[in-house]
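Trainee: Have a look at this one before I ask anything.
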Amino acid sequence: RVFFSVLDLDFYCTFTQAGHEDTRAEIHNNLHDSLLIRKITMSFDWLTQYLTFENVCLGVNLVTLSVIYKAYRSKVTNFEAVQTARQLDIDNNLASKLLEEYPNATVVHALVRGQVKAIGEKIKSRHLRGAKAVIQECCLTEHKIQWSPVSRFWSQTQREIHRIINYVPFALTSKHSNVMVEVLDPQECENIPVNCVYENFIPNREGLSGVFFGWLRGEQTKGIEEQEFLLEEGTTLTAFGTLTVMNDGSVKLMPPADGVSYYLTQLSHPALVSKLRSELSLLRVVSFVLGCTALGLSCYLVFTWWKARQALAQQKKDSMRREEARKERRKLNRETSSEVPCCVICRTNPVEVMILECGHVCLCTDCSELVSGNCPMCRSPIKRIVAAFLP
C-alpha cells in the first residue's frame, strides 16, 4: 500500500510541475490503487465485524418470528370470526329473516350446515362406478429417492406432476325444506372438503442399466401415484362465509369480504372451533419460544458489545500508560538508572510493564507489544499488560 503524507503530496506537486508526466501518471495510479485497496479492506473488516454467527442467527430468528406472528394474528382473526358467527338454519324463513334483521340482507359472518346438492349436471368419477360429485380433484405424484450430499443419506421425495380440480355449481339444502343456499367460489375455501376414493401406485420398472445410471445421478424413481378425490353429493357440510339474499330472492354463500378465511368442512361448528383453537395454541407456543430466543440472543449480543467496548477502552488506557512509560524512559539517563532491572528479552531497556495475572515485572514497553500468549518467566497465560512505575 502507498500512503501519502503532506510532504509526499508536496513532492508530488513539485514533480508534476517539473514536467515528469510518466512519473506523475504512475504515482496517480498507485495512489488510486492504494485507496481502492484500502476501501475494500475496510469494507471486508466491517463485514467480518458485523456478519457474525450470532447476528445471522438473530436475523433468521426475527424473520421467522415475524412470519409466525403474522400467521398467528391471522389465525386469531379467523378463530374469533368463526366462534362469534351467527348460526342460521336452512329453512323456509331464512330469506325473510335476513331481509328483516340485517342491512342489505347480508350477514358478514354466518354459519350454515346442510347437505350438498348439485345445481345442474353432476361430475362422474373416473374410477368409482356410480359415484356422483360436485368437486373432483385428480392428482398425479412422482415418488423418488434422492442422495443428499449434506446429510449423506438417501431420502424419499415427492414431485407433483399435475393436479386438476373440476367443480360444478352446488348448494346446501335441508331435509325439512326445499330452500337451497348456493355456495360460490368453493375453490377459495381454506381446505377443499374432498375424500380420497381412488389411489393407485404404479411402480417404476427400469432395468439394471436404468438403476445403475440412476445411482450415478443420485436419483432413483420409485413410481407414480394416481389419486382421485371427490366431494360427493349428499355429503353434510358446515359452511362459514358471507350470507346474502340476491335480488331474485335466492340465498348465496360467498367468501367473507373482510379477508377472513372461507371454510367448507365436514366438521361441526364446535369441532371446527376446537380445531382452530388448537392451531392457535400451537402458533402461540412457537411465537413465545421464538420471542424468548430472540430476546436471549439480543441480550447476549448487547453484553458482548459492552464487554468489547470495555476491553477497547482498557486497551486505550494501557496504550497511553505504555506511551507515558516510554517518555519517562527517554528522560532518564541510563547511567543513573542502572539499579532498575533490565528487560529479560532485549536486556537493554528497563522493565516498564507488569504482566497479569501472574504479576511479573520483567518486560519493557517495546518487547511487551511483541510478546503474546504466555509470560516469559513462568509461562502462565497473559490476560493483560499494564504499565508499572518502579520507585
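Naming scheme: A, B, ... for chains in displayed order of the C-alpha cells; residues 1 onward per chain; ligands 1 onward as shown.
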Give me, as a ChimeraX atom specification, all polymer residues having an atom no more than 7 Å from segment 364-366 of chain A, counting only C-alpha atoms and skipping those fewer than 5 positions away in the same chain.
Mentor: /A:322,326,343,349-353
Trainee: Output C-alpha atoms for every residue in that selection, as a PDB file, in the first residue's frame.
Mentor:
```
ATOM      1  CA  ARG A 322       2.864   2.467  27.916  1.00  0.00           C
ATOM      2  CA  ARG A 326       8.358   5.363  27.015  1.00  0.00           C
ATOM      3  CA  CYS A 343      14.030  -6.363  30.283  1.00  0.00           C
ATOM      4  CA  ASN A 349      15.643  -1.168  28.310  1.00  0.00           C
ATOM      5  CA  PRO A 350      14.466  -1.092  31.924  1.00  0.00           C
ATOM      6  CA  VAL A 351      11.355  -3.019  32.917  1.00  0.00           C
ATOM      7  CA  GLU A 352       8.245  -0.874  32.445  1.00  0.00           C
ATOM      8  CA  VAL A 353       5.174  -3.140  32.385  1.00  0.00           C
TER       9      VAL A 353
END
```
Trainee: At a cut-off of 10 Å, can you tabulate as a Markdown table every residue of segment 98-164 of chain A near segment 78-87 of chain A together with its closest atom pair and the distance in Å to one decimal, using only C-alpha atoms and ordering rows by chain then number?
Mentor:
```
| residue | atom | partner | partner_atom | distance |
| --- | --- | --- | --- | --- |
| A:Val107 | CA | A:Arg86 | CA | 8.0 |
| A:Val108 | CA | A:Ala85 | CA | 8.6 |
| A:His109 | CA | A:Ala85 | CA | 5.1 |
| A:Ala110 | CA | A:Arg86 | CA | 4.8 |
| A:Leu111 | CA | A:Gln87 | CA | 4.6 |
| A:Val112 | CA | A:Gln87 | CA | 6.1 |
| A:Arg113 | CA | A:Gln87 | CA | 8.6 |
```
Trainee: Would you mind telling me which residue in A:Ala171, A:Met254, A:Ala388, A:Ile224 lies nearest to Arg159 of chain A when using only C-alpha atoms?
Mentor: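 Closest candidate: A:Ile224.
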Trainee: Name all residues at most 12 Å from Ser125 of chain A (count only C-alpha atoms; drop same-chain ones fewer than 4 positions away) and give them as an mmCIF file with N, CA and C atoms, in the first residue's frame.
Mentor:
```
data_model
loop_
_atom_site.group_PDB
_atom_site.id
_atom_site.type_symbol
_atom_site.label_atom_id
_atom_site.label_comp_id
_atom_site.auth_asym_id
_atom_site.auth_seq_id
_atom_site.Cartn_x
_atom_site.Cartn_y
_atom_site.Cartn_z
ATOM 1 N N ARG A 129 -67.358 -46.451 -9.843
ATOM 2 C CA ARG A 129 -68.580 -46.556 -10.632
ATOM 3 C C ARG A 129 -69.780 -46.109 -9.797
ATOM 4 N N GLY A 130 -70.623 -45.268 -10.410
ATOM 5 C CA GLY A 130 -71.846 -44.811 -9.767
ATOM 6 C C GLY A 130 -71.669 -43.615 -8.857
ATOM 7 N N ALA A 131 -70.436 -43.173 -8.627
ATOM 8 C CA ALA A 131 -70.206 -42.031 -7.740
ATOM 9 C C ALA A 131 -70.442 -40.734 -8.502
ATOM 10 N N LYS A 132 -71.235 -39.850 -7.905
ATOM 11 C CA LYS A 132 -71.524 -38.551 -8.495
ATOM 12 C C LYS A 132 -71.131 -37.475 -7.496
ATOM 13 N N ALA A 133 -70.422 -36.471 -7.991
ATOM 14 C CA ALA A 133 -69.847 -35.469 -7.098
ATOM 15 C C ALA A 133 -70.040 -34.079 -7.674
ATOM 16 N N VAL A 134 -69.723 -33.094 -6.823
ATOM 17 C CA VAL A 134 -69.766 -31.696 -7.253
ATOM 18 C C VAL A 134 -68.356 -31.117 -7.369
ATOM 19 N N ILE A 135 -67.377 -31.742 -6.704
ATOM 20 C CA ILE A 135 -65.972 -31.334 -6.814
ATOM 21 C C ILE A 135 -65.138 -32.584 -7.037
ATOM 22 N N GLN A 136 -64.277 -32.539 -8.039
ATOM 23 C CA GLN A 136 -63.382 -33.651 -8.351
ATOM 24 C C GLN A 136 -61.951 -33.113 -8.422
ATOM 25 N N GLU A 137 -61.053 -33.806 -7.735
ATOM 26 C CA GLU A 137 -59.642 -33.422 -7.722
ATOM 27 C C GLU A 137 -58.805 -34.640 -8.075
ATOM 28 N N CYS A 138 -58.071 -34.547 -9.185
ATOM 29 C CA CYS A 138 -57.207 -35.636 -9.646
ATOM 30 C C CYS A 138 -55.756 -35.192 -9.522
ATOM 31 N N ASN A 166 -61.939 -30.017 -10.784
ATOM 32 C CA ASN A 166 -63.178 -29.745 -11.513
ATOM 33 C C ASN A 166 -64.313 -29.583 -10.503
ATOM 34 N N TYR A 167 -65.187 -28.630 -10.764
ATOM 35 C CA TYR A 167 -66.346 -28.473 -9.879
ATOM 36 C C TYR A 167 -67.514 -27.910 -10.680
ATOM 37 N N CYS A 196 -60.631 -39.082 -0.484
ATOM 38 C CA CYS A 196 -59.926 -39.916 -1.452
ATOM 39 C C CYS A 196 -60.761 -41.169 -1.739
ATOM 40 N N VAL A 197 -61.129 -41.356 -3.016
ATOM 41 C CA VAL A 197 -61.932 -42.522 -3.407
ATOM 42 C C VAL A 197 -61.138 -43.502 -4.264
ATOM 43 N N TYR A 198 -59.970 -43.087 -4.734
ATOM 44 C CA TYR A 198 -59.161 -43.975 -5.575
ATOM 45 C C TYR A 198 -57.698 -43.623 -5.374
ATOM 46 N N GLN A 227 -54.196 -40.456 -7.749
ATOM 47 C CA GLN A 227 -55.229 -40.311 -6.727
ATOM 48 C C GLN A 227 -56.412 -39.532 -7.287
ATOM 49 N N GLU A 228 -57.586 -39.859 -6.761
ATOM 50 C CA GLU A 228 -58.808 -39.130 -7.109
ATOM 51 C C GLU A 228 -59.557 -38.803 -5.823
ATOM 52 N N PHE A 229 -59.921 -37.529 -5.692
ATOM 53 C CA PHE A 229 -60.655 -37.048 -4.518
ATOM 54 C C PHE A 229 -61.999 -36.500 -4.992
ATOM 55 N N LEU A 230 -63.035 -36.768 -4.208
ATOM 56 C CA LEU A 230 -64.389 -36.340 -4.577
ATOM 57 C C LEU A 230 -65.093 -35.713 -3.382
ATOM 58 N N LEU A 231 -65.907 -34.700 -3.678
ATOM 59 C CA LEU A 231 -66.923 -34.225 -2.744
ATOM 60 C C LEU A 231 -68.258 -34.685 -3.314
ATOM 61 N N GLU A 232 -68.753 -35.787 -2.763
ATOM 62 C CA GLU A 232 -69.925 -36.435 -3.341
ATOM 63 C C GLU A 232 -71.205 -35.720 -2.933
ATOM 64 N N GLU A 233 -72.190 -35.885 -3.774
ATOM 65 C CA GLU A 233 -73.498 -35.315 -3.494
ATOM 66 C C GLU A 233 -74.112 -36.030 -2.298
#
```
Trainee: Find the residues near Thr221 of chain A: any atom within 7 Å, counting only C-alpha atoms, skip ones fewer than 3 places away on the same chain, and give them as a compact mmCIF listing (two decimals) with C-alpha atoms, in the first residue's frame.
Mentor:
```
# COMPACT_ATOMS: atom_id res chain seq x y z
CA HIS A 143 -42.12 -40.71 -5.85
CA LYS A 144 -38.31 -40.71 -5.88
CA ILE A 145 -35.36 -41.30 -3.62
CA ASN A 204 -41.15 -47.99 -11.94
```
Trainee: Which is closer to Tyr72 of chain A than all the others in A:Met354, A:Leu282, A:Val340, A:Leu216, using only C-alpha atoms?
Mentor: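 The answer is A:Leu282, which sits nearest to Tyr72 of chain A.
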Trainee: Between atom CA of Tyr263 of chain A and atom CA of Pro186 of chain A, measure the distance and give it in Å to one decimal.
Mentor: 8.9 Å
Trainee: Extract the full set of alpha helix (DSSP H) residues from segment 31-236 of chain A according to DSSP on the backbone, and format it as a PyMOL selection string.
Mentor: chain A and resi 31-50+53-83+94-101+208-217
Trainee: What does the distance from atom CA of Gly249 of chain A to atom CA of His269 of chain A come to in Å, to one decimal?
Mentor: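 Interatomic distance, atom CA of Gly249 of chain A to atom CA of His269 of chain A: 26.6 Å.
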Trainee: May I ask for the distance between atom CA of Glu190 of chain A and atom CA of Thr265 of chain A, given in Å to one decimal place?
Mentor: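 Pair atom CA of Glu190 of chain A / atom CA of Thr265 of chain A returns 9.0 Å.
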Trainee: Could you name the residues that touch segment 89-91 of chain A at 9 Å or less, counting only C-alpha atoms, but leaving out those on the same chain fewer than 5 positions away, as an NGL selection string?
Mentor: :A and (111-114 or 172-174 or 176-181)
Trainee: Given the selection you just returned, output its residues as a file containing N, CA and C atoms, formatted as a PDB file, in the first residue's frame.
Mentor:
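The resulting result_4.pdb:
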```
ATOM      1  N   LEU A 111     -72.853 -18.995   9.644  1.00  0.00           N
ATOM      2  CA  LEU A 111     -72.607 -20.433   9.609  1.00  0.00           C
ATOM      3  C   LEU A 111     -73.896 -21.138   9.230  1.00  0.00           C
ATOM      4  N   VAL A 112     -73.820 -21.994   8.217  1.00  0.00           N
ATOM      5  CA  VAL A 112     -74.960 -22.826   7.822  1.00  0.00           C
ATOM      6  C   VAL A 112     -74.465 -24.258   7.662  1.00  0.00           C
ATOM      7  N   ARG A 113     -75.348 -25.197   7.893  1.00  0.00           N
ATOM      8  CA  ARG A 113     -74.997 -26.609   7.769  1.00  0.00           C
ATOM      9  C   ARG A 113     -76.102 -27.313   6.999  1.00  0.00           C
ATOM     10  N   GLY A 114     -75.694 -28.062   5.978  1.00  0.00           N
ATOM     11  CA  GLY A 114     -76.676 -28.762   5.162  1.00  0.00           C
ATOM     12  C   GLY A 114     -76.011 -29.811   4.293  1.00  0.00           C
ATOM     13  N   LEU A 172     -76.258 -26.005  -0.558  1.00  0.00           N
ATOM     14  CA  LEU A 172     -76.534 -26.743   0.668  1.00  0.00           C
ATOM     15  C   LEU A 172     -78.036 -26.710   0.912  1.00  0.00           C
ATOM     16  N   THR A 173     -78.595 -27.868   1.189  1.00  0.00           N
ATOM     17  CA  THR A 173     -80.038 -27.986   1.394  1.00  0.00           C
ATOM     18  C   THR A 173     -80.309 -28.649   2.736  1.00  0.00           C
ATOM     19  N   SER A 174     -81.574 -28.609   3.128  1.00  0.00           N
ATOM     20  CA  SER A 174     -82.019 -29.246   4.366  1.00  0.00           C
ATOM     21  C   SER A 174     -83.032 -30.326   4.040  1.00  0.00           C
ATOM     22  N   HIS A 176     -85.662 -30.839   5.667  1.00  0.00           N
ATOM     23  CA  HIS A 176     -87.010 -30.415   6.056  1.00  0.00           C
ATOM     24  C   HIS A 176     -87.568 -29.303   5.180  1.00  0.00           C
ATOM     25  N   SER A 177     -86.832 -28.838   4.191  1.00  0.00           N
ATOM     26  CA  SER A 177     -87.340 -27.777   3.323  1.00  0.00           C
ATOM     27  C   SER A 177     -86.662 -27.885   1.970  1.00  0.00           C
ATOM     28  N   ASN A 178     -87.207 -27.148   1.035  1.00  0.00           N
ATOM     29  CA  ASN A 178     -86.651 -27.123  -0.318  1.00  0.00           C
ATOM     30  C   ASN A 178     -85.752 -25.914  -0.568  1.00  0.00           C
ATOM     31  N   VAL A 179     -85.455 -25.134   0.468  1.00  0.00           N
ATOM     32  CA  VAL A 179     -84.613 -23.950   0.333  1.00  0.00           C
ATOM     33  C   VAL A 179     -83.165 -24.387   0.111  1.00  0.00           C
ATOM     34  N   MET A 180     -82.499 -23.702  -0.803  1.00  0.00           N
ATOM     35  CA  MET A 180     -81.102 -24.003  -1.103  1.00  0.00           C
ATOM     36  C   MET A 180     -80.246 -22.758  -0.880  1.00  0.00           C
ATOM     37  N   VAL A 181     -79.055 -22.984  -0.334  1.00  0.00           N
ATOM     38  CA  VAL A 181     -78.056 -21.925  -0.176  1.00  0.00           C
ATOM     39  C   VAL A 181     -76.920 -22.248  -1.139  1.00  0.00           C
TER      40      VAL A 181
END
```
Trainee: Please provide the set of residues having any atom within 10 Å of Cys358 of chain A, restricted to only C-alpha atoms, with same-chain residues fewer than 5 positions apart removed, written as a list in words.
Mentor: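 The contact residues come out as Cys375, Met377, Cys378, Arg379, Ser380, Pro381, Ile382, Lys383 and Arg384 of chain A.
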Trainee: Go through A:Asp258, A:Asp318, A:Glu369, A:Glu324 and flag the residue nearest Thr77 of chain A, using only C-alpha atoms for the distances.
Mentor: A:Asp258
Trainee: If we count only C-alpha atoms and set the cut-off at 6 Å, which residues sit around Pro256 of chain A, ignoring sequence neighbours fewer than 3 positions away in its own chain? Please answer as a VMD selection string.
Mentor: chain A and resid 241 to 242 260
Trainee: Run DSSP on the backbone and give me the residues of segment 66-146 of chain A it puts in strand (DSSP E or B), as a PyMOL selection string.
Mentor: chain A and resi 86-87+106-118+123-124+132-146
Trainee: Please determine, counting only C-alpha atoms, which residue among A:Gly214, A:Thr348, A:Glu199, A:Tyr102 has the shortest atom-to-atom distance to His127 of chain A.
Mentor: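 Selected residue with least distance to His127 of chain A: A:Glu199.
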